[in-house]
Structures are given as structure tokens and as C-alpha cells.
>>> print(open('upload_2.cif').read())   # mmCIF, C-alpha atoms and all ligand atoms
data_target
loop_
_atom_site.group_PDB
_atom_site.id
_atom_site.type_symbol
_atom_site.label_atom_id
_atom_site.label_comp_id
_atom_site.auth_asym_id
_atom_site.auth_seq_id
_atom_site.Cartn_x
_atom_site.Cartn_y
_atom_site.Cartn_z
ATOM 1 C CA MET A 1 94.785 71.791 120.287
ATOM 2 C CA THR A 2 91.882 74.248 120.088
ATOM 3 C CA LEU A 3 88.479 72.667 120.731
ATOM 4 C CA LEU A 4 84.963 73.937 120.210
ATOM 5 C CA ASN A 5 82.989 75.117 123.203
ATOM 6 C CA HIS A 6 79.555 73.856 122.167
ATOM 7 C CA LEU A 7 76.613 75.215 124.164
ATOM 8 C CA ASP A 8 72.912 74.424 123.864
ATOM 9 C CA ALA A 9 71.964 78.025 124.532
ATOM 10 C CA PRO A 10 73.719 81.368 124.904
ATOM 11 C CA PRO A 11 75.097 82.007 128.413
ATOM 12 C CA ALA A 12 72.961 84.478 130.397
ATOM 13 C CA GLY A 13 73.966 88.073 129.839
ATOM 14 C CA ILE A 14 76.298 87.309 126.950
ATOM 15 C CA PHE A 15 74.702 89.901 124.664
ATOM 16 C CA SER A 16 75.580 92.729 126.991
ATOM 17 C CA LEU A 17 79.290 91.951 126.877
ATOM 18 C CA PRO A 18 81.709 93.771 124.571
ATOM 19 C CA ALA A 19 83.772 91.593 122.237
ATOM 20 C CA HIS A 20 86.914 91.938 124.350
ATOM 21 C CA ALA A 21 85.118 90.424 127.379
ATOM 22 C CA LEU A 22 83.948 87.262 125.603
ATOM 23 C CA ALA A 23 87.110 85.229 126.194
ATOM 24 C CA GLU A 24 86.601 85.358 129.951
ATOM 25 C CA ALA A 25 82.912 84.423 129.632
ATOM 26 C CA LEU A 26 83.283 81.690 127.007
ATOM 27 C CA GLY A 27 86.787 80.287 127.251
ATOM 28 C CA GLY A 28 87.427 79.692 123.566
ATOM 29 C CA PRO A 29 85.744 79.464 120.170
ATOM 30 C CA THR A 30 82.051 78.958 120.942
ATOM 31 C CA LEU A 31 78.991 77.783 119.073
ATOM 32 C CA PHE A 32 75.442 78.006 120.370
ATOM 33 C CA ARG A 33 71.916 77.823 119.085
ATOM 34 C CA LEU A 34 69.303 80.503 119.592
ATOM 35 C CA ASP A 35 65.712 79.401 119.250
ATOM 36 C CA GLY A 36 63.610 81.599 117.043
ATOM 37 C CA THR A 37 60.028 82.614 117.593
ATOM 38 C CA ARG A 38 59.018 80.714 114.499
ATOM 39 C CA ALA A 39 60.036 77.443 112.929
ATOM 40 C CA GLY A 40 62.359 77.299 109.977
ATOM 41 C CA ALA A 41 65.899 76.551 108.984
ATOM 42 C CA PRO A 42 68.409 78.443 111.129
ATOM 43 C CA LEU A 43 70.630 81.264 109.935
ATOM 44 C CA PHE A 44 74.294 80.505 110.651
ATOM 45 C CA VAL A 45 76.128 83.638 111.779
ATOM 46 C CA SER A 46 79.845 83.725 112.436
ATOM 47 C CA THR A 47 81.712 86.680 113.839
ATOM 48 C CA LEU A 48 85.057 87.550 115.431
ATOM 49 C CA LEU A 49 86.966 85.041 113.326
ATOM 50 C CA HIS A 50 89.225 88.084 113.281
ATOM 51 C CA GLY A 51 89.383 89.247 116.889
ATOM 52 C CA ASN A 52 89.550 92.987 116.205
ATOM 53 C CA GLU A 53 86.592 93.014 113.779
ATOM 54 C CA THR A 54 83.843 93.733 116.242
ATOM 55 C CA SER A 55 80.953 95.155 114.182
ATOM 56 C CA GLY A 56 79.348 91.737 113.721
ATOM 57 C CA TRP A 57 79.278 91.066 117.462
ATOM 58 C CA THR A 58 77.953 94.567 118.187
ATOM 59 C CA ALA A 59 75.159 93.986 115.665
ATOM 60 C CA LEU A 60 74.281 90.579 117.087
ATOM 61 C CA CYS A 61 74.018 92.090 120.594
ATOM 62 C CA ARG A 62 71.715 94.820 119.288
ATOM 63 C CA LEU A 63 69.550 92.238 117.522
ATOM 64 C CA MET A 64 69.189 90.122 120.642
ATOM 65 C CA GLN A 65 68.588 93.072 122.945
ATOM 66 C CA ASP A 66 65.695 94.116 120.707
ATOM 67 C CA PRO A 67 64.689 90.973 118.807
ATOM 68 C CA PRO A 68 62.052 91.142 116.070
ATOM 69 C CA GLU A 69 58.671 89.673 116.939
ATOM 70 C CA SER A 70 59.052 86.843 114.469
ATOM 71 C CA MET A 71 62.487 85.475 113.791
ATOM 72 C CA ARG A 72 64.035 82.261 112.565
ATOM 73 C CA PRO A 73 66.482 80.301 114.754
ATOM 74 C CA LEU A 74 70.160 81.239 114.734
ATOM 75 C CA ILE A 75 73.322 79.237 115.064
ATOM 76 C CA VAL A 76 76.039 81.575 116.293
ATOM 77 C CA PHE A 77 79.764 80.881 116.056
ATOM 78 C CA ILE A 78 82.101 83.229 117.924
ATOM 79 C CA GLY A 79 85.413 82.494 116.266
ATOM 80 C CA ASN A 80 88.348 83.883 118.193
ATOM 81 C CA PRO A 81 87.436 85.474 121.528
ATOM 82 C CA ALA A 82 91.063 85.202 122.729
ATOM 83 C CA ALA A 83 92.171 87.466 119.884
ATOM 84 C CA ALA A 84 89.200 89.751 120.574
ATOM 85 C CA SER A 85 90.302 90.118 124.195
ATOM 86 C CA ARG A 86 93.604 91.524 122.943
ATOM 87 C CA ARG A 87 91.910 93.437 120.122
ATOM 88 C CA VAL A 88 94.042 91.772 117.439
ATOM 89 C CA ARG A 89 93.220 89.925 114.216
ATOM 90 C CA HIS A 90 94.755 86.727 115.603
ATOM 91 C CA LEU A 91 97.177 85.853 118.391
ATOM 92 C CA PRO A 92 100.787 85.946 117.208
ATOM 93 C CA GLU A 93 101.340 82.294 118.119
ATOM 94 C CA GLU A 94 98.178 81.145 116.338
ATOM 95 C CA PRO A 95 97.015 81.102 112.720
ATOM 96 C CA ASP A 96 94.488 83.511 111.249
ATOM 97 C CA PHE A 97 91.110 81.890 112.132
ATOM 98 C CA ASN A 98 89.770 82.558 108.654
ATOM 99 C CA ARG A 99 92.614 80.507 107.150
ATOM 100 C CA ILE A 100 92.063 77.273 109.107
ATOM 101 C CA TRP A 101 89.087 75.804 107.208
ATOM 102 C CA CYS A 102 89.004 73.239 104.384
ATOM 103 C CA GLY A 103 92.116 71.478 105.682
ATOM 104 C CA GLY A 104 93.987 74.718 106.369
ATOM 105 C CA SER A 105 95.463 73.956 109.805
ATOM 106 C CA ALA A 106 96.042 70.502 111.292
ATOM 107 C CA GLY A 107 96.129 71.936 114.838
ATOM 108 C CA HIS A 108 92.618 73.335 114.402
ATOM 109 C CA ARG A 109 91.023 70.410 112.582
ATOM 110 C CA ALA A 110 89.012 69.258 115.615
ATOM 111 C CA LEU A 111 87.580 72.761 115.940
ATOM 112 C CA THR A 112 86.724 73.297 112.295
ATOM 113 C CA GLU A 113 85.258 69.809 111.872
ATOM 114 C CA ALA A 114 83.070 70.265 114.937
ATOM 115 C CA VAL A 115 81.773 73.638 113.697
ATOM 116 C CA VAL A 116 81.021 72.340 110.202
ATOM 117 C CA HIS A 117 79.392 69.208 111.675
ATOM 118 C CA GLU A 118 77.118 71.229 113.965
ATOM 119 C CA ALA A 119 76.299 73.737 111.242
ATOM 120 C CA THR A 120 75.472 71.200 108.575
ATOM 121 C CA LYS A 121 73.538 68.576 110.539
ATOM 122 C CA GLN A 122 70.319 70.427 109.647
ATOM 123 C CA PRO A 123 69.346 72.451 106.607
ATOM 124 C CA LEU A 124 70.459 76.081 107.014
ATOM 125 C CA PHE A 125 68.663 79.157 105.681
ATOM 126 C CA ALA A 126 72.045 80.698 104.880
ATOM 127 C CA ALA A 127 75.509 81.283 106.332
ATOM 128 C CA VAL A 128 76.882 84.769 106.879
ATOM 129 C CA ASP A 129 80.416 85.491 108.118
ATOM 130 C CA LEU A 130 80.753 89.073 109.385
ATOM 131 C CA HIS A 131 83.989 91.031 108.869
ATOM 132 C CA ASN A 132 85.324 94.554 109.036
ATOM 133 C CA ASN A 133 87.971 95.725 106.591
ATOM 134 C CA THR A 134 90.349 98.592 106.024
ATOM 135 C CA GLY A 135 90.543 101.456 103.607
ATOM 136 C CA ARG A 136 87.742 103.463 102.061
ATOM 137 C CA ASN A 137 85.516 100.880 100.331
ATOM 138 C CA PRO A 138 81.827 100.453 99.691
ATOM 139 C CA HIS A 139 80.318 97.582 101.687
ATOM 140 C CA TYR A 140 80.300 94.356 99.698
ATOM 141 C CA SER A 141 79.862 90.601 99.890
ATOM 142 C CA VAL A 142 82.496 87.967 99.230
ATOM 143 C CA VAL A 143 81.521 84.724 97.504
ATOM 144 C CA THR A 144 83.674 81.654 97.020
ATOM 145 C CA ALA A 145 81.387 79.959 94.472
ATOM 146 C CA LEU A 146 79.226 81.274 91.670
ATOM 147 C CA GLU A 147 75.957 79.365 92.102
ATOM 148 C CA ASP A 148 72.852 81.553 92.091
ATOM 149 C CA ARG A 149 72.058 80.978 95.768
ATOM 150 C CA HIS A 150 75.334 82.577 96.911
ATOM 151 C CA LEU A 151 74.914 85.531 94.566
ATOM 152 C CA ASN A 152 71.303 86.018 95.642
ATOM 153 C CA LEU A 153 72.369 86.097 99.292
ATOM 154 C CA ALA A 154 75.204 88.482 98.370
ATOM 155 C CA TYR A 155 72.642 90.783 96.791
ATOM 156 C CA LEU A 156 70.644 90.840 100.039
ATOM 157 C CA PHE A 157 73.597 92.702 101.579
ATOM 158 C CA SER A 158 74.959 94.858 98.765
ATOM 159 C CA ASP A 159 74.828 95.493 95.032
ATOM 160 C CA LYS A 160 78.568 94.721 94.912
ATOM 161 C CA ALA A 161 80.249 91.362 95.407
ATOM 162 C CA VAL A 162 83.717 89.925 94.930
ATOM 163 C CA TYR A 163 84.398 86.356 93.848
ATOM 164 C CA VAL A 164 87.581 85.097 95.484
ATOM 165 C CA GLU A 165 89.430 81.866 94.823
ATOM 166 C CA GLU A 166 92.213 82.563 97.288
ATOM 167 C CA PRO A 167 92.689 82.098 100.177
ATOM 168 C CA ASP A 168 90.769 78.828 99.824
ATOM 169 C CA THR A 169 90.814 78.066 103.561
ATOM 170 C CA VAL A 170 87.980 80.410 104.567
ATOM 171 C CA LEU A 171 84.847 79.466 106.499
ATOM 172 C CA THR A 172 82.563 80.677 103.684
ATOM 173 C CA ARG A 173 84.000 77.971 101.435
ATOM 174 C CA ALA A 174 83.571 75.284 104.102
ATOM 175 C CA LEU A 175 79.788 75.887 104.042
ATOM 176 C CA GLN A 176 79.238 76.687 100.357
ATOM 177 C CA HIS A 177 78.099 73.161 99.445
ATOM 178 C CA HIS A 178 75.528 73.141 102.218
ATOM 179 C CA CYS A 179 73.711 76.450 101.842
ATOM 180 C CA ALA A 180 73.949 79.974 100.470
ATOM 181 C CA SER A 181 77.196 81.159 102.029
ATOM 182 C CA ILE A 182 78.888 84.570 101.996
ATOM 183 C CA ALA A 183 81.300 86.718 103.945
ATOM 184 C CA VAL A 184 80.461 90.386 104.218
ATOM 185 C CA GLU A 185 82.912 93.270 104.429
ATOM 186 C CA LEU A 186 81.122 95.838 106.552
ATOM 187 C CA GLY A 187 83.680 98.636 106.485
ATOM 188 C CA PRO A 188 86.152 99.966 109.037
ATOM 189 C CA ILE A 189 86.102 99.053 112.719
ATOM 190 C CA ASN A 190 84.875 101.986 114.830
ATOM 191 C CA ASP A 191 82.767 103.379 111.985
ATOM 192 C CA PRO A 192 79.207 103.267 113.370
ATOM 193 C CA ARG A 193 77.923 102.671 109.831
ATOM 194 C CA SER A 194 79.648 99.257 109.863
ATOM 195 C CA ASP A 195 77.647 98.240 112.948
ATOM 196 C CA ASP A 196 74.440 99.545 111.347
ATOM 197 C CA LEU A 197 75.048 97.604 108.123
ATOM 198 C CA ALA A 198 75.612 94.390 110.063
ATOM 199 C CA GLU A 199 72.502 94.893 112.167
ATOM 200 C CA ASP A 200 70.374 95.651 109.118
ATOM 201 C CA LEU A 201 71.609 92.505 107.354
ATOM 202 C CA LEU A 202 70.963 90.322 110.402
ATOM 203 C CA ARG A 203 67.474 91.730 110.944
ATOM 204 C CA ARG A 204 66.522 91.055 107.342
ATOM 205 C CA ALA A 205 68.103 87.599 107.302
ATOM 206 C CA VAL A 206 66.253 86.443 110.424
ATOM 207 C CA THR A 207 62.884 87.875 109.370
ATOM 208 C CA GLU A 208 62.680 87.464 105.569
ATOM 209 C CA ALA A 209 60.803 84.320 104.566
ATOM 210 C CA ASP A 210 63.104 83.695 101.608
ATOM 211 C CA LEU A 211 66.359 84.850 100.090
ATOM 212 C CA PRO A 212 66.170 87.134 97.051
ATOM 213 C CA THR A 213 65.476 85.090 93.945
ATOM 214 C CA THR A 214 67.526 87.335 91.674
ATOM 215 C CA HIS A 215 70.858 89.098 91.560
ATOM 216 C CA GLU A 216 70.328 90.783 88.215
ATOM 217 C CA ASN A 217 71.686 94.114 89.422
ATOM 218 C CA LEU A 218 74.612 92.684 91.357
ATOM 219 C CA THR A 219 77.981 94.011 90.152
ATOM 220 C CA LEU A 220 80.337 91.094 90.476
ATOM 221 C CA TYR A 221 84.133 91.307 90.439
ATOM 222 C CA ARG A 222 86.733 88.574 90.303
ATOM 223 C CA SER A 223 89.740 89.075 92.555
ATOM 224 C CA LEU A 224 92.877 88.664 90.429
ATOM 225 C CA ALA A 225 95.846 89.541 92.564
ATOM 226 C CA ARG A 226 97.257 91.114 95.711
ATOM 227 C CA VAL A 227 99.777 93.941 95.694
ATOM 228 C CA HIS A 228 102.521 93.847 98.340
ATOM 229 C CA ILE A 229 105.291 96.318 98.987
ATOM 230 C CA ALA A 230 108.604 94.478 99.154
ATOM 231 C CA ASP A 231 110.057 93.937 102.636
ATOM 232 C CA GLY A 232 112.368 96.674 103.779
ATOM 233 C CA VAL A 233 111.162 99.189 101.197
ATOM 234 C CA ASP A 234 110.034 102.455 102.782
ATOM 235 C CA PHE A 235 107.015 104.072 101.189
ATOM 236 C CA SER A 236 104.989 107.267 101.364
ATOM 237 C CA PHE A 237 101.581 108.368 100.183
ATOM 238 C CA ASP A 238 102.549 112.012 99.771
ATOM 239 C CA ASP A 239 105.579 113.749 98.315
ATOM 240 C CA SER A 240 107.832 112.928 101.265
ATOM 241 C CA PRO A 241 111.000 111.146 100.184
ATOM 242 C CA ALA A 242 110.901 107.348 100.200
ATOM 243 C CA LYS A 243 112.102 104.479 98.036
ATOM 244 C CA LEU A 244 108.541 104.092 96.796
ATOM 245 C CA ARG A 245 106.289 107.143 96.551
ATOM 246 C CA LEU A 246 102.742 105.990 95.931
ATOM 247 C CA THR A 247 100.446 108.120 93.834
ATOM 248 C CA GLY A 248 97.871 109.949 95.970
ATOM 249 C CA GLY A 249 94.169 109.349 95.565
ATOM 250 C CA MET A 250 94.255 105.598 94.883
ATOM 251 C CA GLU A 251 92.242 104.791 97.998
ATOM 252 C CA ALA A 252 89.468 106.977 96.620
ATOM 253 C CA VAL A 253 89.135 104.757 93.542
ATOM 254 C CA ASN A 254 88.559 101.482 95.385
ATOM 255 C CA PHE A 255 85.859 99.643 93.391
ATOM 256 C CA HIS A 256 86.273 102.034 90.449
ATOM 257 C CA ALA A 257 87.665 101.055 87.059
ATOM 258 C CA VAL A 258 91.223 102.306 86.560
ATOM 259 C CA PRO A 259 92.430 102.387 82.928
ATOM 260 C CA GLU A 260 95.766 101.048 81.727
ATOM 261 C CA HIS A 261 98.745 103.437 82.001
ATOM 262 C CA THR A 262 97.291 105.053 85.147
ATOM 263 C CA PRO A 263 100.190 106.205 87.406
ATOM 264 C CA PHE A 264 100.655 104.071 90.519
ATOM 265 C CA GLY A 265 103.888 105.360 92.052
ATOM 266 C CA LEU A 266 107.427 106.655 91.659
ATOM 267 C CA SER A 267 110.633 104.782 92.392
ATOM 268 C CA GLY A 268 114.238 104.858 91.250
ATOM 269 C CA GLU A 269 114.491 101.099 91.952
ATOM 270 C CA PRO A 270 113.634 98.307 89.511
ATOM 271 C CA LEU A 271 109.902 97.458 89.668
ATOM 272 C CA GLY A 272 110.378 93.972 91.132
ATOM 273 C CA HIS A 273 112.481 95.360 93.995
ATOM 274 C CA VAL A 274 109.721 97.565 95.379
ATOM 275 C CA VAL A 275 106.393 95.937 94.465
ATOM 276 C CA THR A 276 105.292 92.281 94.379
ATOM 277 C CA VAL A 277 101.997 91.214 92.828
ATOM 278 C CA LEU A 278 100.772 87.693 93.650
ATOM 279 C CA ASP A 279 97.979 85.938 91.758
ATOM 280 C CA SER A 280 95.455 83.549 93.314
ATOM 281 C CA SER A 281 97.944 80.669 93.025
ATOM 282 C CA HIS A 282 100.655 82.747 94.765
ATOM 283 C CA ASN A 283 102.671 83.197 91.556
ATOM 284 C CA VAL A 284 104.580 86.452 91.189
ATOM 285 C CA VAL A 285 102.833 88.300 88.364
ATOM 286 C CA THR A 286 104.072 91.857 88.969
ATOM 287 C CA GLU A 287 104.891 92.510 85.320
ATOM 288 C CA ASP A 288 101.382 91.473 84.236
ATOM 289 C CA PHE A 289 99.907 94.386 86.151
ATOM 290 C CA PHE A 290 102.575 97.100 86.220
ATOM 291 C CA TYR A 291 105.403 98.510 84.151
ATOM 292 C CA SER A 292 108.036 101.027 85.071
ATOM 293 C CA THR A 293 109.398 103.711 82.816
ATOM 294 C CA SER A 294 111.793 106.524 83.794
ATOM 295 C CA GLY A 295 111.113 105.891 87.472
ATOM 296 C CA GLU A 296 107.354 105.990 87.044
ATOM 297 C CA ILE A 297 105.267 102.886 87.837
ATOM 298 C CA ARG A 298 102.024 102.589 85.855
ATOM 299 C CA PHE A 299 99.267 100.018 85.420
ATOM 300 C CA ARG A 300 99.866 97.753 82.431
ATOM 301 C CA ARG A 301 96.186 96.831 82.207
ATOM 302 C CA ALA A 302 92.806 98.089 83.290
ATOM 303 C CA VAL A 303 91.876 96.930 86.807
ATOM 304 C CA VAL A 304 89.522 97.665 89.664
ATOM 305 C CA PRO A 305 91.439 98.184 92.938
ATOM 306 C CA ALA A 306 89.888 97.118 96.237
ATOM 307 C CA MET A 307 90.883 97.549 99.870
ATOM 308 C CA TYR A 308 93.671 99.944 98.886
ATOM 309 C CA THR A 309 94.783 101.226 102.262
ATOM 310 C CA THR A 310 97.072 104.044 103.386
ATOM 311 C CA ASP A 311 97.431 102.523 106.870
ATOM 312 C CA PRO A 312 101.134 101.550 106.973
ATOM 313 C CA GLU A 313 100.547 98.821 109.557
ATOM 314 C CA VAL A 314 97.928 97.089 107.383
ATOM 315 C CA VAL A 315 100.162 97.473 104.323
ATOM 316 C CA ARG A 316 102.927 95.641 106.208
ATOM 317 C CA GLN A 317 100.740 92.944 107.838
ATOM 318 C CA ASP A 318 98.408 92.221 104.957
ATOM 319 C CA CYS A 319 98.829 94.041 101.652
ATOM 320 C CA LEU A 320 98.525 97.411 99.936
ATOM 321 C CA CYS A 321 95.503 96.476 97.825
ATOM 322 C CA TYR A 322 93.743 93.855 95.752
ATOM 323 C CA LEU A 323 93.258 94.076 92.008
ATOM 324 C CA MET A 324 90.009 92.899 90.468
ATOM 325 C CA THR A 325 88.233 92.745 87.135
ATOM 326 C CA PRO A 326 84.500 93.047 86.495
ATOM 327 C CA MET A 327 82.803 89.707 85.731
ATOM 328 C CA ARG A 328 79.433 91.052 84.643
HETATM 329 ZN ZN ZN A 401 88.118 89.697 108.685
#
>>> encode(input="upload_2.cif", output="C-alpha cells")
Amino acid sequence: MTLLNHLDAPPAGIFSLPAHALAEALGGPTLFRLDGTRAGAPLFVSTLLHGNETSGWTALCRLMQDPPESMRPLIVFIGNPAAASRRVRHLPEEPDFNRIWCGGSAGHRALTEAVVHEATKQPLFAAVDLHNNTGRNPHYSVVTALEDRHLNLAYLFSDKAVYVEEPDTVLTRALQHHCASIAVELGPINDPRSDDLAEDLLRRAVTEADLPTTHENLTLYRSLARVHIADGVDFSFDDSPAKLRLTGGMEAVNFHAVPEHTPFGLSGEPLGHVVTVLDSSHNVVTEDFFYSTSGEIRFRRAVVPAMYTTDPEVVRQDCLCYLMTPMR
């Protein structure tokens, strides 16, 4: 059983350690409080729920090495240092640590209950869960509820946000009834801009007196479905021969509207043998989004792709892309 390492203060020197050295210093998932230089409700910051997504930790170290003169208290949760030490999303024998909340994993209930208990025993200014992602995307927030406070916080980070209903076992959802709660997708690991975006968000969140009171100019999308390539189907993103040849240039239209009938790929196989589309309830809805004619796969309806990636490993482990629709 994984338990929470709950500390009253950060261990000395912790903010000079790289993410992969945290497991040795902390043991396991760790929560600590950082006193601010002014009173106020703390900001809850979580990072490394996915061990290889290090921009959030890098940004937190930069913030604490050069803290602003006046800052609110922080509650910091370092999610999965063991995975960070091996530079992986999660350990193969363990679940994804952003799928264990809201009753998601019995073996991790003691951990998740302890984190939520510690986080919610005082009013929080807001909760921000820091993630990197893959593919060429703008930076955006993820909300799991549509109340104004979440959207206002989302707008503090970006003018784009995605409303997701699935997976429903994410940390953002576990805190959404308590305070404004978002996850942020900073961009790729190893892109210095991702670290900068995280640092900028943290600096503003610890110094601003209040959250934005509007999100009028926020472009909000609803996530509809995930596109998977069927197991065992080889694929290519150029003209090289493969069972499924994906149309080039899709990654470049992440977060752009794509009209119906837009080409998606070429395959001599029946549509359902090469591509699987799952909706937020895990139903197979491939035919709602694509059709195939004379070996050409096209979009059946207008969508907005997100996180379309040409990294074969990510395609296999996670998915090829998400499909969204504008909400406003
Ligand atoms: Zn992540």
C-alpha cells in the first residue's frame, strides 16, 4: 500500500534537486506546506503525478530559489517521485497516478484520502496540477467542471481550455468541490518554454490577490473522444508503406477546426480494423467520427483535434489524438 509522506516543511535543499533525485530524498509521494510571506489561503500545487513530466517541478524550484517578496502560502504535493527517478509516466507495476483519485484505485485509497484531507482542511486559493504533454499544441488548461471559478482560473493560464469528463479519476476532479481547480498542459518535456509557462503561472498564482473574475475571452472545448490505432496495425505518417498511412500535417492543426470530409488516412482494411474511437463512456464510436471510401478514411463530422502526436511510442501507450468540439 502506498502511503503519504506528510511533512510540516520542505526538507532542506529539496529545491536544488532534479526531479529524478526526489525519490531518494523523499521516499514516496510527499506533501508539505510552505509558509508564505503574507497571510491568505494557500495555493495547492501538484506536480510529477506523471514521473516524466518535470516542467512543474523545475518551475517550483525556480520559484523557491528566487521567491517573490510577497507570496501566499503553498501546499505542495509531489505525486510520483519513484516514477520520476526512472523518468517514466508511472512504474509498470503501478497505476497511472492521475487515475487513482475519486475511488480510482483501492490500493492507493489511503494516499489519495490523506492528500485530499490535508488539502481541504483549510480554504484553498486554488488548486493547480502541472503536466507536460506530447505533440505540437498550444498551452491550455483542463477543467473537470464548468463553474465560473474553474474557468476563471483556467483563463489565468491560457485563453484555451478543455472540459473533460473522462477519465473521471483525476486529481483535479477530487478538489473541484473545494476550490477553483485545474490541470494545465504546459507543452512538451524538454521544451524550455514549458518550464517558463509553469513558472509564470506559479508566480502569478502566489502573488495575485484574487483570481480573474471573468473568462469572457476563454475558448472552451469539450473533449468528445479518443482515437486509437488498433493493436498490431502498423502505421506511418509519410508515404512509406503501412497498413494505415496517416495523412500528413494533422499535428499542425491541433486546436484548429477541421471540417467534415477532411482526409485522415489511407488503408485497404475495413475502418474498424485499423482505427478505434472511444467516447467518454468508453463506447466504440468510430463510425460517428470517420467513414472510409475507396481506401480513404475521412472525418464524418467537423471536429477540433488535440494532442495529435506523431511519436509512435505515445501513439501505442496512450492514443493518437483527442477529438473535441467548441463549447463557446
Ligand atoms: Zn500528465
>>> residues_around(input="upload_2.cif", residues="stretch 180-187 of chain A", least_positions_apart="4", cutoff="7 Å", atoms="only C-alpha atoms", output="list in words")
Ala126, Ala127, Val128, Asp129, Leu130, His131, Asn132, Asn133, Thr134, Asn137, His139, Tyr140, Ser141, Val142, Val143, Arg149, His150, Leu153, Ala154, Thr172, Leu175, Gln176, Ser194, Leu197 and Ala198 of chain A
>>> residues_around(input="upload_2.cif", residues="stretch 267-278 of chain A", least_positions_apart="4", cutoff="10 Å", atoms="all atoms listed in the file", output="ChimeraX atom specification")
/A:224-235,242-246,282-297,319-323
>>> axis_aligned_box(input="upload_2.cif", around="stretch 206-223 of chain A", padding_each_side="3 Å", output="AutoDock Vina command-line options")
--center_x 75.3 --center_y 88.9 --center_z 99.3 --size_x 34.9 --size_y 16.4 --size_z 28.2
>>> closest_residue(input="upload_2.cif", among="A:Val170, A:Ala161, A:Leu17, A:Met1", to="ligand ZN 401 (chain A)", atoms="all atoms listed in the file")
A:Val170
>>> resolve_selection(input="upload_2.cif", expression="the PyMOL selection byres (((chain A and resi 167) around 10) and not hetatm)", output="list in words")
Asn98, Arg99, Gly104, Thr144, Val164, Glu165, Glu166, Asp168, Thr169, Val170, Arg173, Ser280, Ser281 and His282 of chain A
>>> atom_distance(input="upload_2.cif", atom1="atom CA of A:Glu216", atom2="atom CA of A:Glu147")
13.3 Å
>>> closest_residue(input="upload_2.cif", among="A:Leu3, A:Cys61, A:Val304, A:Ile189", to="ligand ZN 401 (chain A)", atoms="only C-alpha atoms and all ligand atoms")
A:Ile189
>>> residues_around(input="upload_2.cif", residues="A:Met71", least_positions_apart="5", cutoff="10 Å", atoms="all atoms listed in the file", output="list of chain:residue names")
A:Asp35, A:Gly36, A:Thr37, A:Arg38, A:Ala39, A:Gly40, A:Pro42, A:Leu43, A:Arg203, A:Arg204, A:Ala205, A:Val206, A:Thr207, A:Glu208, A:Ala209
>>> resolve_selection(input="upload_2.cif", expression="the PyMOL selection byres (((chain A and resi 303) around 8) and not hetatm)", output="PyMOL selection string")
chain A and resi 257-260+301-302+304-305+323-325
>>> atom_distance(input="upload_2.cif", atom1="atom CA of A:His90", atom2="atom CA of A:Gly51")
6.1 Å
>>> decode(input="upload_2.cif", residues="stretch 175-190 of chain A", atoms="N, CA and C atoms", output="PDB file, in the first residue's frame")
ATOM      1  N   LEU A 175     -10.620  17.785  -6.224  1.00  0.00           N
ATOM      2  CA  LEU A 175     -10.586  19.060  -5.497  1.00  0.00           C
ATOM      3  C   LEU A 175     -11.590  20.079  -6.027  1.00  0.00           C
ATOM      4  N   GLN A 176     -12.360  19.717  -7.052  1.00  0.00           N
ATOM      5  CA  GLN A 176     -13.195  20.713  -7.729  1.00  0.00           C
ATOM      6  C   GLN A 176     -14.340  21.244  -6.859  1.00  0.00           C
ATOM      7  N   HIS A 177     -14.745  20.466  -5.842  1.00  0.00           N
ATOM      8  CA  HIS A 177     -15.836  20.953  -4.985  1.00  0.00           C
ATOM      9  C   HIS A 177     -15.312  21.871  -3.891  1.00  0.00           C
ATOM     10  N   HIS A 178     -13.998  21.881  -3.724  1.00  0.00           N
ATOM     11  CA  HIS A 178     -13.409  22.637  -2.624  1.00  0.00           C
ATOM     12  C   HIS A 178     -12.908  24.018  -3.045  1.00  0.00           C
ATOM     13  N   CYS A 179     -12.406  24.112  -4.254  1.00  0.00           N
ATOM     14  CA  CYS A 179     -11.819  25.381  -4.707  1.00  0.00           C
ATOM     15  C   CYS A 179     -11.739  25.369  -6.223  1.00  0.00           C
ATOM     16  N   ALA A 180     -11.329  26.500  -6.799  1.00  0.00           N
ATOM     17  CA  ALA A 180     -11.042  26.535  -8.231  1.00  0.00           C
ATOM     18  C   ALA A 180      -9.936  25.530  -8.504  1.00  0.00           C
ATOM     19  N   SER A 181     -10.167  24.622  -9.448  1.00  0.00           N
ATOM     20  CA  SER A 181      -9.247  23.501  -9.627  1.00  0.00           C
ATOM     21  C   SER A 181      -9.044  23.227 -11.114  1.00  0.00           C
ATOM     22  N   ILE A 182      -7.789  23.252 -11.548  1.00  0.00           N
ATOM     23  CA  ILE A 182      -7.484  22.949 -12.957  1.00  0.00           C
ATOM     24  C   ILE A 182      -6.232  22.088 -13.052  1.00  0.00           C
ATOM     25  N   ALA A 183      -6.085  21.412 -14.178  1.00  0.00           N
ATOM     26  CA  ALA A 183      -4.796  20.873 -14.596  1.00  0.00           C
ATOM     27  C   ALA A 183      -4.319  21.768 -15.723  1.00  0.00           C
ATOM     28  N   VAL A 184      -3.013  21.895 -15.874  1.00  0.00           N
ATOM     29  CA  VAL A 184      -2.515  22.659 -17.012  1.00  0.00           C
ATOM     30  C   VAL A 184      -1.597  21.768 -17.846  1.00  0.00           C
ATOM     31  N   GLU A 185      -1.735  21.906 -19.156  1.00  0.00           N
ATOM     32  CA  GLU A 185      -0.874  21.192 -20.098  1.00  0.00           C
ATOM     33  C   GLU A 185       0.131  22.203 -20.629  1.00  0.00           C
ATOM     34  N   LEU A 186       1.380  22.049 -20.152  1.00  0.00           N
ATOM     35  CA  LEU A 186       2.394  23.076 -20.380  1.00  0.00           C
ATOM     36  C   LEU A 186       3.030  22.984 -21.757  1.00  0.00           C
ATOM     37  N   GLY A 187       3.027  21.774 -22.325  1.00  0.00           N
ATOM     38  CA  GLY A 187       3.750  21.553 -23.577  1.00  0.00           C
ATOM     39  C   GLY A 187       4.747  20.435 -23.371  1.00  0.00           C
ATOM     40  N   PRO A 188       5.594  20.186 -24.371  1.00  0.00           N
ATOM     41  CA  PRO A 188       6.490  19.032 -24.302  1.00  0.00           C
ATOM     42  C   PRO A 188       7.541  19.142 -23.197  1.00  0.00           C
ATOM     43  N   ILE A 189       7.926  17.982 -22.662  1.00  0.00           N
ATOM     44  CA  ILE A 189       9.065  17.900 -21.755  1.00  0.00           C
ATOM     45  C   ILE A 189      10.293  18.329 -22.567  1.00  0.00           C
ATOM     46  N   ASN A 190      11.240  18.954 -21.902  1.00  0.00           N
ATOM     47  CA  ASN A 190      12.495  19.375 -22.544  1.00  0.00           C
ATOM     48  C   ASN A 190      12.332  20.590 -23.452  1.00  0.00           C
TER      49      ASN A 190
END
